[in-house]
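Asks: Quick one: the structure is below, questions incoming.
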Amino acid sequence: MTIPFEFKQYTSILKSTGRRAKNLRELREGIATVSKESIFHHTYQYSLKAHVLEYTNDFAQWAGESIEERALSERLSNIDPYAFKDIDGLRNELIKVIDDYLGSFPEPRDAVPGDEFYFNEAVIFIFPAGVRVKNLAEFLMAIKYIDASSIYYHFYDARTRLGGINDFSKWLENELGKKELSGKIRLIDPFMHNIEKIREHISELLEAEVKNDMEAIK
Amino acid sequence: MMERYFGISPKGDLLLIMRLCETLKNRTFLHINSTRSGGGVAEILHRMLPILEEIGIAARWEVIEGDNRFFDITKKIHNALHGRTEKITKDMWDYHFEINKKNAERINLNADAVLIHDPQPVPLIEFRKSGRWIWRCHIDVSNPQKDVYEYLRRYCERYEAAIFSVSKFAKAMPLSEFIIPPSIDPLSEKNMELSDEEIKWTLNKFRIPADRPIILQVSRFDRFKDPIGLIKAYKDVRKYNDCILILAGSPATDDPEGDAVLSEVKEYAADDPDIYILLLPPFSDRDINALQRASTIVLQKSLKEGFGLTVSEAMWKRKPVIGGAAGGIPLQIINGVTGFLVHSIEGTSFRIRQILNNPDMAKRMGETGREYVRNNFLITRQVRDYLAVWYSMENKGKSILEL
């Protein structure tokens, strides 16, 4: 018997660490010493924002917008958090990029007062979204209309929980036997799209699969 | 439970409230502030208490009492926290404490969670009896007068947690600090849908003609809201566009400077028949709602601001908003998308003209603003956040909570 897919909702409540950085050296110090939760919040959870792909994490955004160091911003944006085994690996890469920059460019200016970088972290609440599906057509409808935070939880966050897989692919393969479809969804790069684009991609793949299934003569 | 918010508030917020209530139901939640009318804090509490009760939380709201001297002192503290230079003597601090002590004798401070709003009642922590005590700071303390902040900090650090509206208001303190923006209630008299007839009737009541675009600012008469700067910007706009300016505000019982500022504003606007200065009595929410809906552009030209909820109120009514880049206003206005952030009188006048001359852009901004408020600034989100903070304090040390 098929185990239904239960969509979960993901809500985060913001917490301040009380730390701030007014220039790049202080940002580096902060990145080196803040909690893992804070690094996680400013990088992985950036995907929760309805952003365009100019930046991919809060550090890059601050470097680009507040101290106007565009080259640094590009380098920080190019760091894919999903390429690291753990937060400390990601933390070290962020520090390395900043150190390289500080070593080869003139000292950047301070941010104007009020525009400093504020290190935050989040308390995360995960709970059922009240939507359960048991076949491909229901799954397609749910993907189209479910809250964006559910997509984040099952597609982005799952990678850090399950080690590179996402919940959707896992269920499609294990419960519906859709190995090929599962693989296609798995190939969508979370780092290259915002949540709404991911929703669109998955919907397109599901729609094509539902159509194929309906055409098939059994 | 809360059915009237179904289809208005995001479903996820309502679901999380229900989940959290399974644990927090029947527990007591005490709010204490310094005024029952005027200003954003009282307004939110008026709306939030019934919601909390409806979902099964035993919520109570108490107001500290004080004389003119006490409120003069707390106004000075308020100004100093906003960065203005004020002299608070040892005597004044002692009086601040003494009045709080008297209130502590009068108010039942027993509750499972106690939320103390702003600096006026902050010394009540000295009389804590039970429960989890949280200090809720609504004001912009990003650049406070140092000695005043340091004095208050002694009280703040005795709390178990603090809540600030914006990240940059938070300070390095040895307690949990949460960031929770305030909110508006879409079903309150101030934000509910109104008929065109009622909007017209309200304009008639104040003898405001409906034949020209209306520019509106709703706020206390307070120098930090820069009413004079707004009139200057308006006078500049009038060189190019025919329009009306309305400055509307209610007096607050905890703001002794209001009368002086109102006189200054009246004097400055004296000879202009198209500037309407409305001193509305407390609880004029329906009139404010109608004025906002009748407006073409809503302004919140604050120089300092706690959060500036009038921005969200106007965005909810699909109005483009021009706001000073202060306090929580940049969190609400996405510059160029839901309105404009301004840093000067000249900028204000330029943006007013830009919107007046581009009705299509104004409409687009209004629609985007409404959806942005729905997702981020409705009261159900704030109820969710308060309960979530309380729940997370009961589960200290956990950063992921599965319900």
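So you can find residues: chains in the structure tokens are A, B, ... in the order shown, residues in each start at 1, and ligands are numbered from 1 in order.
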Kindly provide, as a PyMOL selection string, the residues of chain A having any atom no farther than 12 Å from an atom of chain B, counting only C-alpha atoms.
Replies: chain A and resi 7-22+35-38+40-41+49-50+113-131+145-150
Asks: List every residue of segment 81-285 of chain B that DSSP, applied to the backbone of this structure, places in strand (DSSP E), and write the result as JSON, numbers by chain.
Replies: {"B": [113, 114, 115, 116, 117, 132, 133, 134, 135, 136, 137, 161, 162, 163, 164, 176, 177, 178, 179, 214, 215, 216, 217, 218, 244, 245, 246, 247, 248, 249, 275, 276, 277, 278, 279]}
Asks: Find the residues around Asp167 of chain A up to 7 Å (only C-alpha atoms counted), leave out those fewer than 2 positions away in its own chain, and share them as a PDB file with C-alpha atoms, in the first residue's frame.
Replies:
```pdb
ATOM      1  CA  HIS A 154      11.013  19.255   1.124  1.00  0.00           C
ATOM      2  CA  PHE A 155      13.328  20.358  -1.674  1.00  0.00           C
ATOM      3  CA  ALA A 158      15.872  17.934   2.706  1.00  0.00           C
ATOM      4  CA  ILE A 165      18.306  13.834  -1.950  1.00  0.00           C
ATOM      5  CA  SER A 169      12.225  12.385  -5.348  1.00  0.00           C
ATOM      6  CA  LYS A 170      12.406   9.906  -2.495  1.00  0.00           C
ATOM      7  CA  TRP A 171       8.637   9.498  -2.296  1.00  0.00           C
TER       8      TRP A 171
END
```
Asks: Of the residues A:Glu68, A:Asp99, A:Asp157, A:Asp58, which is the one nearest to Arg25 of chain A, using only C-alpha atoms?
Replies: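 Nearest to Arg25 of chain A: A:Asp99.
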Asks: Need the shell around segment 196-209 of chain B: protein/DNA/RNA residues with any atom at most 9 Å away, counting only C-alpha atoms. Skip same-chain ones fewer than 4 positions apart. Format as a list in words?
Replies: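 In the requested form, the answer reads Ile244, Ile246, Asp274, Tyr276, Leu278, Arg286, Asp287, Asn289, Ala290, Leu291, Arg293 and Ala294 of chain B.
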Asks: Rounded to one decimal place, report the atom CA of Tyr268 of chain B-atom CA of Ser284 of chain B distance in Å.
Replies: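 Atom-to-atom, atom CA of Tyr268 of chain B and atom CA of Ser284 of chain B are spaced 24.8 Å apart.
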Asks: Do a neighbour search on Lys179 of chain A at 12 Å with only C-alpha atoms, toss out local chain neighbours closer than 5 positions, and write the hits as number ranges by chain.
Replies: A: 168-174, 184-186, 209
Asks: When you count only C-alpha atoms, which of these residues is closest to Pro251 of chain B: B:Arg381, B:Pro123, B:Ser37, B:Leu24?
Replies: B:Ser37
Asks: Please indicate the distance in Å from atom CA of Gly163 of chain A to atom CA of Lys85 of chain A, rounded to one decimal place.
Replies: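 Interatomic distance, atom CA of Gly163 of chain A to atom CA of Lys85 of chain A: 8.4 Å.
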Asks: Out of B:Pro227, B:Gly39, B:Pro359, B:Gly7, which residue has the shortest atom-to-atom distance to Ile277 of chain B when counting only C-alpha atoms?
Replies: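 For Ile277 of chain B, the nearest of the given residues is B:Pro227.
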Asks: Tell me which protein, DNA and RNA residues are within 8 Å of Tyr82 of chain A, counting only C-alpha atoms, leaving out same-chain ones fewer than 4 positions away, and put them as a list in words.
Replies: Arg159, Thr160, Gly164 and Phe191 of chain A
Asks: Can I get the selected residues back with C-alpha atoms, as a tab-separated table (two decimals), in the first residue's frame?
Replies:
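The result, written out as again_29.tsv:
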```
chain	number	residue	atom	x	y	z
A	159	ARG	CA	19.28	17.99	1.03
A	160	THR	CA	20.95	18.86	4.29
A	164	GLY	CA	21.78	15.33	-1.39
A	191	PHE	CA	21.22	26.79	-5.93
```
Asks: Would you compute the distance between atom CA of Gln382 of chain B and atom CA of Leu14 of chain B? Give it in Å to one decimal.
Replies: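 Those two atoms sit 10.8 Å apart.
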Asks: List as a list in words the protein and nucleic acid residues near Val373 of chain B, meaning an atom at most 7 Å away when only C-alpha atoms are counted, but skip any in the same chain fewer than 3 places from it.
Replies: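 Once the nearby chain positions are removed, what remains is Ser312, Met315, Trp316, Gly369, Arg370, Asn376, Phe377 and Leu378 of chain B.
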Asks: Enumerate the residues of segment 139-362 of chain B with a DSSP assignment of alpha helix (DSSP H), computed from the backbone, and present them as a ChimeraX atom specification.
Replies: /B:146-156,196-205,227-237,258-269,285-294,310-316,329-332,345-356,359-362
Asks: I need the chosen residues saved as a compact mmCIF listing (two decimals), in the first residue's frame, with C-alpha atoms.
Replies:
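Output (out-v2.txt):
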```txt
# COMPACT_ATOMS: atom_id res chain seq x y z
CA LYS B 146 24.37 55.89 25.83
CA ASP B 147 23.93 56.67 29.56
CA VAL B 148 20.15 56.34 29.33
CA TYR B 149 20.36 53.02 27.51
CA GLU B 150 22.97 51.71 29.97
CA TYR B 151 20.72 52.56 32.91
CA LEU B 152 17.76 50.74 31.38
CA ARG B 153 19.95 47.84 30.37
CA ARG B 154 20.32 46.86 34.03
CA TYR B 155 16.61 46.14 34.06
CA CYS B 156 16.53 44.56 30.58
CA ASP B 196 -17.56 54.12 -1.37
CA GLU B 197 -20.51 55.91 0.27
CA GLU B 198 -18.88 55.72 3.67
CA ILE B 199 -15.57 57.04 2.32
CA LYS B 200 -17.39 59.98 0.70
CA TRP B 201 -19.38 60.59 3.88
CA THR B 202 -16.17 60.80 5.91
CA LEU B 203 -14.60 63.30 3.52
CA ASN B 204 -17.79 65.39 3.72
CA LYS B 205 -17.70 65.24 7.50
CA PRO B 227 5.08 67.01 9.92
CA ILE B 228 6.78 70.33 9.09
CA GLY B 229 9.09 68.61 6.60
CA LEU B 230 6.07 67.04 4.96
CA ILE B 231 4.32 70.41 4.61
CA LYS B 232 7.49 71.80 2.99
CA ALA B 233 7.54 68.90 0.52
CA TYR B 234 3.82 69.41 -0.18
CA LYS B 235 4.35 73.11 -0.89
CA ASP B 236 7.02 72.14 -3.39
CA VAL B 237 4.71 69.61 -5.08
CA GLY B 258 1.85 66.50 21.39
CA ASP B 259 0.06 69.82 21.98
CA ALA B 260 3.18 71.90 21.37
CA VAL B 261 3.95 70.10 18.10
CA LEU B 262 0.35 70.44 16.93
CA SER B 263 0.50 74.23 17.50
CA GLU B 264 3.75 74.45 15.52
CA VAL B 265 2.20 72.51 12.64
CA LYS B 266 -0.95 74.64 12.61
CA GLU B 267 1.11 77.80 12.64
CA TYR B 268 3.28 76.58 9.77
CA ALA B 269 0.31 75.57 7.62
CA ASP B 285 -10.22 54.15 13.45
CA ARG B 286 -13.06 54.07 10.97
CA ASP B 287 -12.40 57.67 9.97
CA ILE B 288 -8.69 56.93 9.52
CA ASN B 289 -9.60 53.89 7.43
CA ALA B 290 -11.80 56.05 5.19
CA LEU B 291 -9.14 58.77 4.88
CA GLN B 292 -6.52 56.19 3.89
CA ARG B 293 -8.85 54.66 1.31
CA ALA B 294 -9.69 58.12 -0.09
CA THR B 310 0.56 53.19 9.07
CA VAL B 311 2.74 52.03 6.17
CA SER B 312 1.31 48.51 6.30
CA GLU B 313 -2.20 49.88 6.86
CA ALA B 314 -1.97 51.89 3.66
CA MET B 315 -0.34 49.06 1.70
CA TRP B 316 -3.15 46.74 2.81
CA ILE B 329 9.74 51.48 7.44
CA PRO B 330 12.39 49.95 5.10
CA LEU B 331 11.13 46.51 6.12
CA GLN B 332 7.68 47.36 4.82
CA ILE B 345 12.26 66.78 1.94
CA GLU B 346 13.33 67.11 -1.71
CA GLY B 347 13.13 63.33 -2.16
CA THR B 348 9.65 63.33 -0.67
CA SER B 349 8.41 65.99 -3.02
CA PHE B 350 10.00 64.28 -6.05
CA ARG B 351 8.45 60.90 -5.25
CA ILE B 352 5.01 62.41 -4.61
CA ARG B 353 5.15 64.04 -8.03
CA GLN B 354 6.38 60.82 -9.64
CA ILE B 355 3.45 58.80 -8.29
CA LEU B 356 0.88 61.52 -9.05
CA PRO B 359 -1.26 56.21 -12.06
CA ASP B 360 -0.41 52.80 -13.58
CA MET B 361 2.71 52.54 -11.45
CA ALA B 362 0.69 53.60 -8.40
```
Asks: Please determine, counting only C-alpha atoms, which residue among B:Arg374, B:Glu3, B:Asp91, B:Glu54 has the shortest atom-to-atom distance to Cys21 of chain B.
Replies: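 Of B:Arg374, B:Glu3, B:Asp91, B:Glu54, the one nearest Cys21 of chain B is B:Glu54, counting only C-alpha atoms.
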